[in-house]
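To start, the structure under review is shown below, and the notes come after it.
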Amino acid sequence: MVTRTAACVTTAVVATAMICAATVTGPASSALRRLPAAPAASAASAATTATTANNRCPPPKGDVVTRVPATVPKNVALTFDDGPSPSWTPQLLDILKTNRVHATFFMVGANARAYPRLVRRVAAEGHTVGNHTYSHADMTRLSARRQEAQLDSTTRSISAAVRGGYKPCFFRPPFGAYNSTTVRLARARGMTTVKWSRDTRDWTSPSHPSRSFQRTVVSNATQLTAHPDILMHDGSEGNYRQNTVDSVQRIITFYKSRGYRFTDPVGR
């Protein structure tokens with residue numbers, strides 16, 4: 001089975017306008033023979049407060065999760081893909097901290113390796129860190145062995161940044177593209193495969209501030225559906241995410257005012 005969604009997907013005709021490009025050079029489907037191992041944890045990481053005790057994983061689900069399970073009458077998951085980014089992730093973390101709200105950050109392994117301090121901060125502030133492949137790869141175009149490499153290199157990069165290590169509990173496939181092998185490999189590593197139920201389409205952002213576009217992002221995020229998992233982006237560096245940052249407070253206010261609890265993708 002191969003499943004794809006419209007998020008971050010463009011046709012060949014408009015490929016040059018693609019917003020959600022791969023984080024590293026080369027096509028997202030590149031089959032990497034050998035991905036680099038994550039660097040050893042530094043002295044700085046030893047000073048952080050986040051530990052493996054902060055991310056005890058629930059048993060991985062056998063199916064793909066799109067909506068947040070109804071663990072409470074009203075819950076919502078805010079999720080951000082493709083980071084971490086020194087341009088956008090700190091701004092989002094400041095907003096989330098001010099509002100005392102937690103989110104899930106699905107990180108690209110190459111970015112986690114490049115910006116370990118941001119990985120540490122995300123974990124230390126109580127957010128969930130998820131696996132989003134090492135190079136933003138289309139998993140359906142890779143062999144099982146290369147899918148394994150994408151998953152494992154990302155987890156190593158994330159874990160190396162956090163004191164005591166960090167085990168991602170969730171995997172989100174780039175482009176929403178996965179097959180039965182993808183789900184099986186993620187589950188074997190203790191990760192539930194997660195998609196989304198509300199696509200803000202922030203990946204179509206213009207490369208400049210736009211109030212009208214921000215209104216569209218907020219509207220897409222706040223069309224009330226049961227237990228939404230909201231897709232947004234805090235990377236990659238080649239893309240403009242300020243419009244996402246400037247929309248998040250309104251999204252939080254909307255759900256808070258209606259009594260929603262902000263959870264991770266499985267309602268914790």
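Order determines the names: the first chain of the structure tokens is A, the second B, and so forth; residues in each chain are numbered 1 upward, and ligands are numbered 1 upward as they are shown.
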(request) Find the residues near A:Leu78: any atom within 9 Å, counting only C-alpha atoms, skip ones fewer than 3 places away on the same chain, and give them as a list in words. (result) His102, Ala103, Thr104, Phe105, Pro228, Asp229, Ile230, Leu231, Met232, Ile252, Phe262, Thr263, Asp264 and Pro265 of chain A
Output file for the residues above (C-alpha atoms, as a PDB file, in the first residue's frame):
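Just written: result-v1.pdb:
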```
ATOM      1  CA  HIS A 102       2.986  21.944  24.565  1.00  0.00           C
ATOM      2  CA  ALA A 103       3.404  20.875  20.937  1.00  0.00           C
ATOM      3  CA  THR A 104       5.076  18.141  18.900  1.00  0.00           C
ATOM      4  CA  PHE A 105       8.089  18.901  16.717  1.00  0.00           C
ATOM      5  CA  PRO A 228      -7.698  17.625  15.418  1.00  0.00           C
ATOM      6  CA  ASP A 229      -4.020  17.050  14.723  1.00  0.00           C
ATOM      7  CA  ILE A 230      -2.879  20.311  13.123  1.00  0.00           C
ATOM      8  CA  LEU A 231      -0.022  20.319  10.600  1.00  0.00           C
ATOM      9  CA  MET A 232       2.317  23.329  10.556  1.00  0.00           C
ATOM     10  CA  ILE A 252      -3.880  28.794  20.504  1.00  0.00           C
ATOM     11  CA  PHE A 262      -3.291  20.596  24.054  1.00  0.00           C
ATOM     12  CA  THR A 263      -1.800  17.105  23.821  1.00  0.00           C
ATOM     13  CA  ASP A 264       0.645  15.013  21.849  1.00  0.00           C
ATOM     14  CA  PRO A 265      -0.612  13.005  18.823  1.00  0.00           C
TER      15      PRO A 265
END
```
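For A:Asp81, the list of residues within 8 Å, based on only C-alpha atoms and with local chain neighbours fewer than 3 positions off taken out, reads Phe105, Phe106, Met107, Val108, His132, Leu231, Met232, His233, Asp234 and Gly235 of chain A.
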(request) Mind checking which residues fall within 12 Å of stretch 96-101 of chain A, counting only C-alpha atoms, ignoring those fewer than 6 positions away in the same chain, and posting them as JSON, numbers by chain? (result) {"A": [76, 77, 78, 79, 89, 90, 121, 122, 124, 125, 126, 127, 128, 245, 248, 249, 250, 251, 252, 253, 255, 256, 260, 261, 262, 263, 264]}
(message) Nearest residue to A:Pro209 out of A:Asn75, A:Ser153, A:Asn243, A:Thr140, using only C-alpha atoms?
(response) A:Asn243
(message) Would you compute the distance between atom CA of A:Ala188 and atom CA of A:Pro60? Give it in Å to one decimal.
(response) 8.4 Å
(request) Identify all residues of stretch 21-223 of chain A in strand (DSSP E) (DSSP on the backbone) and supply them as number ranges by chain. (result) A: 75-81, 104-107, 128-131, 170-171, 178-179, 192-193, 198-199
Put those residues in a file: C-alpha atoms, as a compact mmCIF listing (two decimals), in the first residue's frame.
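Output file out22.txt is given in full below:
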```
# COMPACT_ATOMS: atom_id res chain seq x y z
CA ASN A 75 -8.16 17.86 22.74
CA VAL A 76 -5.94 19.15 19.96
CA ALA A 77 -2.34 18.47 18.90
CA LEU A 78 -0.23 21.30 17.49
CA THR A 79 2.53 19.80 15.34
CA PHE A 80 5.45 21.41 13.50
CA ASP A 81 7.48 19.67 10.79
CA THR A 104 5.08 18.14 18.90
CA PHE A 105 8.09 18.90 16.72
CA PHE A 106 8.75 16.37 13.95
CA MET A 107 12.43 16.96 13.28
CA THR A 128 7.46 16.10 22.17
CA VAL A 129 10.19 15.42 19.61
CA GLY A 130 9.24 13.21 16.69
CA ASN A 131 11.18 11.56 13.86
CA PHE A 170 6.27 9.15 16.88
CA PHE A 171 7.22 9.12 13.22
CA TYR A 178 4.37 5.78 3.47
CA ASN A 179 3.81 2.11 2.77
CA THR A 192 3.60 5.21 16.07
CA THR A 193 3.26 6.59 12.54
CA ARG A 198 -5.99 19.57 9.67
CA ASP A 199 -3.50 20.79 7.06
```
(request) Please indicate the distance in Å from atom CA of A:Asp152 to atom CA of A:Pro86, rounded to one decimal place. (result) 23.6 Å
Set the distance at 8 Å and use only C-alpha atoms: which residues neighbour A:Asn55 once local chain neighbours fewer than 5 positions away are removed? I'd like the list as a PDB file with N, CA and C atoms, in the first residue's frame.
```pdb
ATOM      1  N   THR A 128       7.162  17.418  22.721  1.00  0.00           N
ATOM      2  CA  THR A 128       7.455  16.099  22.170  1.00  0.00           C
ATOM      3  C   THR A 128       8.299  16.251  20.916  1.00  0.00           C
ATOM      4  N   TYR A 166      17.298  10.422  23.984  1.00  0.00           N
ATOM      5  CA  TYR A 166      15.877  10.698  23.745  1.00  0.00           C
ATOM      6  C   TYR A 166      15.381   9.719  22.697  1.00  0.00           C
ATOM      7  N   LYS A 167      14.280   9.073  22.989  1.00  0.00           N
ATOM      8  CA  LYS A 167      13.705   8.089  22.084  1.00  0.00           C
ATOM      9  C   LYS A 167      12.409   8.642  21.505  1.00  0.00           C
ATOM     10  N   PRO A 168      12.386   9.033  20.234  1.00  0.00           N
ATOM     11  CA  PRO A 168      11.133   9.515  19.650  1.00  0.00           C
ATOM     12  C   PRO A 168      10.040   8.446  19.710  1.00  0.00           C
ATOM     13  N   CYS A 169       8.859   8.869  20.104  1.00  0.00           N
ATOM     14  CA  CYS A 169       7.723   7.954  20.187  1.00  0.00           C
ATOM     15  C   CYS A 169       6.888   7.958  18.908  1.00  0.00           C
TER      16      CYS A 169
END
```
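Residues of stretch 65-96 of chain A that DSSP, applied to the backbone, places in helix (DSSP H, G or I): Thr89, Pro90, Gln91, Leu92, Leu93, Asp94, Ile95 and Leu96 of chain A.
Note that atom CA of A:Lys195 and atom CA of A:Pro59 are 17.4 Å apart.
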